[in-house]
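Asks: Below you'll find the structure I mean.
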Amino acid sequence: MILKTQAASTEPTPAVTRAAAILRAGGLVAFPTETVYGLGAVATDARAVARIFEAKERPHFDPLIVHLGSADWLDRYVASVPPEARRLMERFWPGPLTLVLPKCEDIPDIVTSGLPTVAVRMPAHPVAHALITAVGLPLAAPSANRFGQLSPTTAQAVEEELGSRVDLIVDGGPTQLGIESTIVALGETGPRLLRPGPITMEELCECLGREVMVANGPVATPESPGMLLRHYAPRTPLRVLDSRAITPLPPGRRVGLLAFRSAPPSHGFSAVETLSATGDLREAAANLFAALRRLDAAGVEEIIAEPVPETGLGNAIMDRLRKAAAPRA
Ligand code: AMP
Ligand code: MG
């Protein structure tokens, strides 16, 4: 069931109050964050969290991000907060930055896939914030899609992905950023970027005043499953192809184009989506998953995606496109 709420409301609206009651009773609620829609359960309730894995058909080796109502909650759920984590939190929380820190006992092993660390963030979306505050407990909330598929940026996309597997979908309109949070691990070896996202490498380095390592590239058993080779993928095969290599299609082929700024004229594409006519990377990120979803639904045999410039947010967009293009297992 979908219940609408006001996207800007920081107060508990009827939809949020209803959602909070469902969550406290061990249920699953999909809700908007500034990145994508999350599929939430109370993080300290191992049975409720198990339902997230079932609904998403998510493998148990893939740990969940825990969403907090305030940075003050950290002390209850993480064992220690290194000074660099504090600095990042002061600058980027609430917001799309997830920090991987040593965990406390209150976080069940199912949340962290048995890892000694837990990924935490404080979302900036007013509805997410109102919901977590109304529950009074942290929410484990991965993206509200089936495992490996495109993340949902609207309530309708959640409905298509999960339908009756979720007890309630809180509809706060389309998400603003459209791409999953940046993930940074802070261990003894210094800060490492586990997943590129809306907070860019440049911003992280500038805040910490030093270099941030990029965790080793895609692997089979990832330290962070956002690093899986194939992820965030439409059902239709996708190829990233430089604009200059895009030539007119032979007749009879049904191909969709994901253009960055504008589509080349008369190339015979069956469906075309443009990420940002003005070449704005923020707009492109916000449109990415919905555009891929529409191309996926257009009945094409292949999707060709144009690369975007790999600066700032462009790194996160290209990370998602490369993962969508990776061969199926
Ligand atoms: P999502 O499905 O977008 O919520 O993805 C959650 C991601 O957070 C996982 O796929 C992991 O990449 C990452 N993550 C969560 N917990 C940890 C952890 N303890 N260590 C490393 N990465 C984590
Ligand atoms: Mg996900």
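Labels for the structure tokens follow display order: chains A, B, ..., residues from 1 in each chain, ligands from 1.
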Report the closest atom pair, with its distance in Å rounded to one decimal, for each residue of chain A that has an atom no farther than 7 Å from ligand 2; count only C-alpha atoms and all ligand atoms, sort by chain and then rising residue number, and write it as a Markdown table.
Replies:
```
| residue | atom | partner | partner_atom_place_in_ligand_line | distance |
| --- | --- | --- | --- | --- |
| A:Pro142 | CA | ligand 2 | 1 (Mg) | 5.5 |
| A:Ser143 | CA | ligand 2 | 1 (Mg) | 4.3 |
| A:Asn145 | CA | ligand 2 | 1 (Mg) | 6.9 |
| A:Phe147 | CA | ligand 2 | 1 (Mg) | 6.7 |
| A:Gly148 | CA | ligand 2 | 1 (Mg) | 7.0 |
| A:Ser151 | CA | ligand 2 | 1 (Mg) | 6.0 |
```
Asks: Contacts of Ala325 in chain A at 10 Å or less, counting only C-alpha atoms, minus same-chain residues fewer than 2 places along, as a PDB file with N, CA, C and O atoms, in the first residue's frame?
Replies:
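Once everything was written out, this is around-v8.pdb:
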```
ATOM      1  N   LEU A 229      30.862  -6.605  -8.976  1.00  0.00           N
ATOM      2  CA  LEU A 229      31.110  -6.310 -10.376  1.00  0.00           C
ATOM      3  C   LEU A 229      29.832  -5.863 -11.085  1.00  0.00           C
ATOM      4  O   LEU A 229      29.799  -4.879 -11.794  1.00  0.00           O
ATOM      5  N   ARG A 230      28.762  -6.647 -10.862  1.00  0.00           N
ATOM      6  CA  ARG A 230      27.500  -6.318 -11.509  1.00  0.00           C
ATOM      7  C   ARG A 230      26.483  -5.947 -10.433  1.00  0.00           C
ATOM      8  O   ARG A 230      26.275  -6.669  -9.469  1.00  0.00           O
ATOM      9  N   HIS A 231      25.819  -4.814 -10.608  1.00  0.00           N
ATOM     10  CA  HIS A 231      24.914  -4.306  -9.584  1.00  0.00           C
ATOM     11  C   HIS A 231      24.150  -3.170 -10.242  1.00  0.00           C
ATOM     12  O   HIS A 231      24.519  -2.732 -11.322  1.00  0.00           O
ATOM     13  N   TYR A 232      23.097  -2.685  -9.612  1.00  0.00           N
ATOM     14  CA  TYR A 232      22.381  -1.506 -10.105  1.00  0.00           C
ATOM     15  C   TYR A 232      22.028  -1.660 -11.583  1.00  0.00           C
ATOM     16  O   TYR A 232      22.197  -0.735 -12.386  1.00  0.00           O
ATOM     17  N   ALA A 233      21.567  -2.837 -11.979  1.00  0.00           N
ATOM     18  CA  ALA A 233      21.464  -3.118 -13.406  1.00  0.00           C
ATOM     19  C   ALA A 233      20.031  -3.224 -13.898  1.00  0.00           C
ATOM     20  O   ALA A 233      19.174  -3.798 -13.225  1.00  0.00           O
ATOM     21  N   PRO A 234      19.751  -2.672 -15.099  1.00  0.00           N
ATOM     22  CA  PRO A 234      18.454  -2.939 -15.712  1.00  0.00           C
ATOM     23  C   PRO A 234      18.413  -4.388 -16.191  1.00  0.00           C
ATOM     24  O   PRO A 234      19.447  -5.047 -16.265  1.00  0.00           O
ATOM     25  N   THR A 236      17.527  -5.281 -19.218  1.00  0.00           N
ATOM     26  CA  THR A 236      18.017  -5.230 -20.598  1.00  0.00           C
ATOM     27  C   THR A 236      19.546  -5.104 -20.598  1.00  0.00           C
ATOM     28  O   THR A 236      20.072  -4.327 -19.800  1.00  0.00           O
ATOM     29  N   PRO A 237      20.250  -5.826 -21.484  1.00  0.00           N
ATOM     30  CA  PRO A 237      21.706  -5.660 -21.553  1.00  0.00           C
ATOM     31  C   PRO A 237      22.082  -4.211 -21.843  1.00  0.00           C
ATOM     32  O   PRO A 237      21.406  -3.537 -22.635  1.00  0.00           O
ATOM     33  N   LEU A 238      23.119  -3.734 -21.183  1.00  0.00           N
ATOM     34  CA  LEU A 238      23.528  -2.337 -21.337  1.00  0.00           C
ATOM     35  C   LEU A 238      25.001  -2.267 -21.705  1.00  0.00           C
ATOM     36  O   LEU A 238      25.805  -3.067 -21.223  1.00  0.00           O
ATOM     37  N   ARG A 239      25.325  -1.350 -22.610  1.00  0.00           N
ATOM     38  CA  ARG A 239      26.697  -1.114 -23.019  1.00  0.00           C
ATOM     39  C   ARG A 239      27.010   0.359 -22.894  1.00  0.00           C
ATOM     40  O   ARG A 239      26.185   1.181 -23.281  1.00  0.00           O
ATOM     41  N   VAL A 240      28.193   0.686 -22.355  1.00  0.00           N
ATOM     42  CA  VAL A 240      28.624   2.084 -22.343  1.00  0.00           C
ATOM     43  C   VAL A 240      29.440   2.293 -23.605  1.00  0.00           C
ATOM     44  O   VAL A 240      30.375   1.543 -23.873  1.00  0.00           O
ATOM     45  N   ILE A 303      20.472  -1.492 -24.414  1.00  0.00           N
ATOM     46  CA  ILE A 303      20.557  -0.078 -24.041  1.00  0.00           C
ATOM     47  C   ILE A 303      21.997   0.369 -24.243  1.00  0.00           C
ATOM     48  O   ILE A 303      22.929  -0.305 -23.773  1.00  0.00           O
ATOM     49  N   ILE A 304      22.167   1.468 -24.976  1.00  0.00           N
ATOM     50  CA  ILE A 304      23.498   2.047 -25.108  1.00  0.00           C
ATOM     51  C   ILE A 304      23.541   3.303 -24.250  1.00  0.00           C
ATOM     52  O   ILE A 304      22.657   4.158 -24.332  1.00  0.00           O
ATOM     53  N   ALA A 305      24.554   3.375 -23.381  1.00  0.00           N
ATOM     54  CA  ALA A 305      24.683   4.529 -22.496  1.00  0.00           C
ATOM     55  C   ALA A 305      25.915   5.324 -22.886  1.00  0.00           C
ATOM     56  O   ALA A 305      26.996   4.761 -23.056  1.00  0.00           O
ATOM     57  N   ASP A 319      30.387   4.852 -12.177  1.00  0.00           N
ATOM     58  CA  ASP A 319      30.475   3.625 -11.375  1.00  0.00           C
ATOM     59  C   ASP A 319      29.205   2.795 -11.552  1.00  0.00           C
ATOM     60  O   ASP A 319      29.254   1.583 -11.804  1.00  0.00           O
ATOM     61  N   ARG A 320      28.031   3.453 -11.482  1.00  0.00           N
ATOM     62  CA  ARG A 320      26.760   2.729 -11.624  1.00  0.00           C
ATOM     63  C   ARG A 320      26.596   2.197 -13.048  1.00  0.00           C
ATOM     64  O   ARG A 320      26.132   1.073 -13.254  1.00  0.00           O
ATOM     65  N   LEU A 321      26.988   2.998 -14.048  1.00  0.00           N
ATOM     66  CA  LEU A 321      26.823   2.556 -15.440  1.00  0.00           C
ATOM     67  C   LEU A 321      27.737   1.371 -15.743  1.00  0.00           C
ATOM     68  O   LEU A 321      27.336   0.420 -16.411  1.00  0.00           O
ATOM     69  N   ARG A 322      28.963   1.403 -15.237  1.00  0.00           N
ATOM     70  CA  ARG A 322      29.881   0.281 -15.489  1.00  0.00           C
ATOM     71  C   ARG A 322      29.364  -0.987 -14.829  1.00  0.00           C
ATOM     72  O   ARG A 322      29.467  -2.072 -15.375  1.00  0.00           O
ATOM     73  N   LYS A 323      28.790  -0.829 -13.619  1.00  0.00           N
ATOM     74  CA  LYS A 323      28.255  -2.024 -12.937  1.00  0.00           C
ATOM     75  C   LYS A 323      27.032  -2.562 -13.665  1.00  0.00           C
ATOM     76  O   LYS A 323      26.829  -3.774 -13.727  1.00  0.00           O
ATOM     77  N   PRO A 327      29.146  -8.086 -17.182  1.00  0.00           N
ATOM     78  CA  PRO A 327      28.492  -9.328 -17.602  1.00  0.00           C
ATOM     79  C   PRO A 327      27.739  -9.986 -16.446  1.00  0.00           C
ATOM     80  O   PRO A 327      28.153  -9.861 -15.294  1.00  0.00           O
ATOM     81  N   ARG A 328      26.641 -10.659 -16.789  1.00  0.00           N
ATOM     82  CA  ARG A 328      25.878 -11.391 -15.760  1.00  0.00           C
ATOM     83  C   ARG A 328      26.682 -12.587 -15.283  1.00  0.00           C
ATOM     84  O   ARG A 328      27.419 -13.161 -16.056  1.00  0.00           O
TER      85      ARG A 328
END
```
Asks: Would you write out, as JSON lines, a table of all residues in chain A that have an atom no more than 9 Å from an atom of ligand 1, listing for each the closest atom pair and the distance in Å to one decimal, considering only C-alpha atoms and all ligand atoms and ordering rows by chain and rising residue number?
Replies:
```
{"residue": "A:Val36", "atom": "CA", "partner": "ligand 1", "partner_atom_place_in_ligand_line": "3 (O)", "distance": 8.4}
{"residue": "A:Gly38", "atom": "CA", "partner": "ligand 1", "partner_atom_place_in_ligand_line": "4 (O)", "distance": 7.3}
{"residue": "A:Leu39", "atom": "CA", "partner": "ligand 1", "partner_atom_place_in_ligand_line": "4 (O)", "distance": 8.6}
{"residue": "A:Arg58", "atom": "CA", "partner": "ligand 1", "partner_atom_place_in_ligand_line": "2 (O)", "distance": 8.9}
{"residue": "A:Asp62", "atom": "CA", "partner": "ligand 1", "partner_atom_place_in_ligand_line": "10 (O)", "distance": 5.5}
{"residue": "A:Pro63", "atom": "CA", "partner": "ligand 1", "partner_atom_place_in_ligand_line": "16 (N)", "distance": 4.4}
{"residue": "A:Leu64", "atom": "CA", "partner": "ligand 1", "partner_atom_place_in_ligand_line": "15 (C)", "distance": 4.5}
{"residue": "A:Ile65", "atom": "CA", "partner": "ligand 1", "partner_atom_place_in_ligand_line": "15 (C)", "distance": 4.9}
{"residue": "A:Val66", "atom": "CA", "partner": "ligand 1", "partner_atom_place_in_ligand_line": "16 (N)", "distance": 8.1}
{"residue": "A:Thr98", "atom": "CA", "partner": "ligand 1", "partner_atom_place_in_ligand_line": "8 (O)", "distance": 7.8}
{"residue": "A:Leu99", "atom": "CA", "partner": "ligand 1", "partner_atom_place_in_ligand_line": "17 (C)", "distance": 8.5}
{"residue": "A:Val100", "atom": "CA", "partner": "ligand 1", "partner_atom_place_in_ligand_line": "18 (C)", "distance": 5.6}
{"residue": "A:Leu101", "atom": "CA", "partner": "ligand 1", "partner_atom_place_in_ligand_line": "19 (N)", "distance": 7.3}
{"residue": "A:Pro102", "atom": "CA", "partner": "ligand 1", "partner_atom_place_in_ligand_line": "19 (N)", "distance": 8.1}
{"residue": "A:Lys103", "atom": "CA", "partner": "ligand 1", "partner_atom_place_in_ligand_line": "19 (N)", "distance": 8.3}
{"residue": "A:Val111", "atom": "CA", "partner": "ligand 1", "partner_atom_place_in_ligand_line": "16 (N)", "distance": 7.7}
{"residue": "A:Thr112", "atom": "CA", "partner": "ligand 1", "partner_atom_place_in_ligand_line": "19 (N)", "distance": 5.2}
{"residue": "A:Ser113", "atom": "CA", "partner": "ligand 1", "partner_atom_place_in_ligand_line": "19 (N)", "distance": 7.6}
{"residue": "A:Gly114", "atom": "CA", "partner": "ligand 1", "partner_atom_place_in_ligand_line": "19 (N)", "distance": 8.5}
{"residue": "A:Leu115", "atom": "CA", "partner": "ligand 1", "partner_atom_place_in_ligand_line": "19 (N)", "distance": 5.7}
{"residue": "A:Pro116", "atom": "CA", "partner": "ligand 1", "partner_atom_place_in_ligand_line": "19 (N)", "distance": 7.0}
{"residue": "A:Thr117", "atom": "CA", "partner": "ligand 1", "partner_atom_place_in_ligand_line": "19 (N)", "distance": 4.3}
{"residue": "A:Val118", "atom": "CA", "partner": "ligand 1", "partner_atom_place_in_ligand_line": "19 (N)", "distance": 4.1}
{"residue": "A:Ala119", "atom": "CA", "partner": "ligand 1", "partner_atom_place_in_ligand_line": "16 (N)", "distance": 4.3}
{"residue": "A:Val120", "atom": "CA", "partner": "ligand 1", "partner_atom_place_in_ligand_line": "16 (N)", "distance": 7.8}
{"residue": "A:Ala140", "atom": "CA", "partner": "ligand 1", "partner_atom_place_in_ligand_line": "4 (O)", "distance": 8.4}
{"residue": "A:Ala141", "atom": "CA", "partner": "ligand 1", "partner_atom_place_in_ligand_line": "4 (O)", "distance": 6.1}
{"residue": "A:Pro142", "atom": "CA", "partner": "ligand 1", "partner_atom_place_in_ligand_line": "4 (O)", "distance": 3.1}
{"residue": "A:Ser143", "atom": "CA", "partner": "ligand 1", "partner_atom_place_in_ligand_line": "2 (O)", "distance": 4.7}
{"residue": "A:Ala144", "atom": "CA", "partner": "ligand 1", "partner_atom_place_in_ligand_line": "2 (O)", "distance": 7.9}
{"residue": "A:Asn145", "atom": "CA", "partner": "ligand 1", "partner_atom_place_in_ligand_line": "2 (O)", "distance": 8.4}
{"residue": "A:Phe147", "atom": "CA", "partner": "ligand 1", "partner_atom_place_in_ligand_line": "2 (O)", "distance": 7.8}
{"residue": "A:Gly148", "atom": "CA", "partner": "ligand 1", "partner_atom_place_in_ligand_line": "2 (O)", "distance": 8.7}
{"residue": "A:Ser151", "atom": "CA", "partner": "ligand 1", "partner_atom_place_in_ligand_line": "3 (O)", "distance": 7.7}
{"residue": "A:Ile179", "atom": "CA", "partner": "ligand 1", "partner_atom_place_in_ligand_line": "3 (O)", "distance": 8.9}
{"residue": "A:Glu180", "atom": "CA", "partner": "ligand 1", "partner_atom_place_in_ligand_line": "3 (O)", "distance": 5.7}
{"residue": "A:Ser181", "atom": "CA", "partner": "ligand 1", "partner_atom_place_in_ligand_line": "3 (O)", "distance": 7.3}
{"residue": "A:Ile183", "atom": "CA", "partner": "ligand 1", "partner_atom_place_in_ligand_line": "13 (C)", "distance": 6.9}
{"residue": "A:Val184", "atom": "CA", "partner": "ligand 1", "partner_atom_place_in_ligand_line": "22 (N)", "distance": 8.3}
{"residue": "A:Ala185", "atom": "CA", "partner": "ligand 1", "partner_atom_place_in_ligand_line": "21 (C)", "distance": 6.9}
{"residue": "A:Leu194", "atom": "CA", "partner": "ligand 1", "partner_atom_place_in_ligand_line": "22 (N)", "distance": 6.9}
{"residue": "A:Arg195", "atom": "CA", "partner": "ligand 1", "partner_atom_place_in_ligand_line": "12 (O)", "distance": 6.9}
{"residue": "A:Pro222", "atom": "CA", "partner": "ligand 1", "partner_atom_place_in_ligand_line": "12 (O)", "distance": 7.8}
{"residue": "A:Glu223", "atom": "CA", "partner": "ligand 1", "partner_atom_place_in_ligand_line": "21 (C)", "distance": 5.4}
{"residue": "A:Ser224", "atom": "CA", "partner": "ligand 1", "partner_atom_place_in_ligand_line": "12 (O)", "distance": 3.4}
{"residue": "A:Pro225", "atom": "CA", "partner": "ligand 1", "partner_atom_place_in_ligand_line": "12 (O)", "distance": 3.8}
{"residue": "A:Gly226", "atom": "CA", "partner": "ligand 1", "partner_atom_place_in_ligand_line": "12 (O)", "distance": 3.8}
{"residue": "A:Met227", "atom": "CA", "partner": "ligand 1", "partner_atom_place_in_ligand_line": "12 (O)", "distance": 6.3}
{"residue": "A:Leu228", "atom": "CA", "partner": "ligand 1", "partner_atom_place_in_ligand_line": "12 (O)", "distance": 8.2}
```
Asks: Can you pull out every residue within 10 Å of range 169-174 of chain A, counting only C-alpha atoms, but drop anything in the same chain fewer than 5 positions away, and send it as a PyMOL selection string?
Replies: chain A and resi 1-9+15-16+18-19+28-39+125-128+131+144+152-159+162-164+286-287+290
Asks: Could you name the residues that touch Ala259 in chain A at 10 Å or less, counting only C-alpha atoms, but leaving out those on the same chain fewer than 3 positions away, as a PyMOL selection string?
Replies: chain A and resi 243+256+262-264+272-277+284+291+304-308
Asks: Which of range 126-171 of chain A end up as strand (DSSP E or B) when DSSP is run on this backbone - answer as a JSON list (two decimals) with all heavy atoms, in the first residue's frame?
Replies:
```json
[["chain", "number", "residue", "atom", "x", "y", "z"],
["A", 139, "LEU", "N", 17.08, 2.64, 11.80],
["A", 139, "LEU", "CA", 16.48, 1.77, 10.78],
["A", 139, "LEU", "C", 17.56, 1.22, 9.85],
["A", 139, "LEU", "O", 18.36, 1.99, 9.31],
["A", 139, "LEU", "CB", 15.46, 2.56, 9.95],
["A", 139, "LEU", "CG", 14.26, 3.15, 10.69],
["A", 139, "LEU", "CD1", 13.34, 3.87, 9.70],
["A", 139, "LEU", "CD2", 13.47, 2.06, 11.45],
["A", 140, "ALA", "N", 17.56, -0.10, 9.69],
["A", 140, "ALA", "CA", 18.38, -0.70, 8.64],
["A", 140, "ALA", "C", 17.58, -0.51, 7.36],
["A", 140, "ALA", "O", 16.40, -0.85, 7.32],
["A", 140, "ALA", "CB", 18.61, -2.18, 8.93],
["A", 143, "SER", "N", 18.47, -0.07, -0.35],
["A", 143, "SER", "CA", 17.57, 0.45, -1.38],
["A", 143, "SER", "C", 16.40, -0.51, -1.57],
["A", 143, "SER", "O", 16.56, -1.73, -1.48],
["A", 143, "SER", "CB", 18.34, 0.65, -2.68],
["A", 143, "SER", "OG", 19.04, -0.53, -3.01],
["A", 149, "GLN", "N", 19.14, -5.06, -8.84],
["A", 149, "GLN", "CA", 18.36, -4.26, -9.80],
["A", 149, "GLN", "C", 18.57, -2.76, -9.54],
["A", 149, "GLN", "O", 19.31, -2.37, -8.65],
["A", 149, "GLN", "CB", 16.87, -4.60, -9.67],
["A", 149, "GLN", "CG", 16.56, -6.07, -9.82],
["A", 149, "GLN", "CD", 16.81, -6.57, -11.24],
["A", 149, "GLN", "OE1", 16.62, -5.86, -12.20],
["A", 149, "GLN", "NE2", 17.27, -7.82, -11.37],
["A", 168, "LEU", "N", 4.19, -1.20, 3.87],
["A", 168, "LEU", "CA", 3.73, 0.16, 3.54],
["A", 168, "LEU", "C", 4.81, 0.88, 2.76],
["A", 168, "LEU", "O", 6.00, 0.72, 3.05],
["A", 168, "LEU", "CB", 3.43, 0.93, 4.84],
["A", 168, "LEU", "CG", 3.00, 2.39, 4.67],
["A", 168, "LEU", "CD1", 1.65, 2.51, 3.98],
["A", 168, "LEU", "CD2", 2.94, 3.09, 6.04],
["A", 169, "ILE", "N", 4.38, 1.67, 1.75],
["A", 169, "ILE", "CA", 5.30, 2.56, 1.04],
["A", 169, "ILE", "C", 4.90, 3.98, 1.36],
["A", 169, "ILE", "O", 3.76, 4.38, 1.09],
["A", 169, "ILE", "CB", 5.25, 2.32, -0.49],
["A", 169, "ILE", "CG1", 5.60, 0.85, -0.82],
["A", 169, "ILE", "CG2", 6.19, 3.28, -1.21],
["A", 169, "ILE", "CD1", 5.31, 0.46, -2.29],
["A", 170, "VAL", "N", 5.80, 4.74, 1.95],
["A", 170, "VAL", "CA", 5.53, 6.16, 2.21],
["A", 170, "VAL", "C", 6.01, 6.94, 1.00],
["A", 170, "VAL", "O", 7.19, 6.91, 0.66],
["A", 170, "VAL", "CB", 6.26, 6.64, 3.49],
["A", 170, "VAL", "CG1", 6.00, 8.12, 3.72],
["A", 170, "VAL", "CG2", 5.82, 5.83, 4.70],
["A", 171, "ASP", "N", 5.07, 7.63, 0.35],
["A", 171, "ASP", "CA", 5.38, 8.36, -0.88],
["A", 171, "ASP", "C", 5.67, 9.82, -0.58],
["A", 171, "ASP", "O", 4.76, 10.58, -0.28],
["A", 171, "ASP", "CB", 4.18, 8.24, -1.84],
["A", 171, "ASP", "CG", 4.45, 8.90, -3.18],
["A", 171, "ASP", "OD1", 5.51, 9.54, -3.35],
["A", 171, "ASP", "OD2", 3.59, 8.78, -4.07]]
```
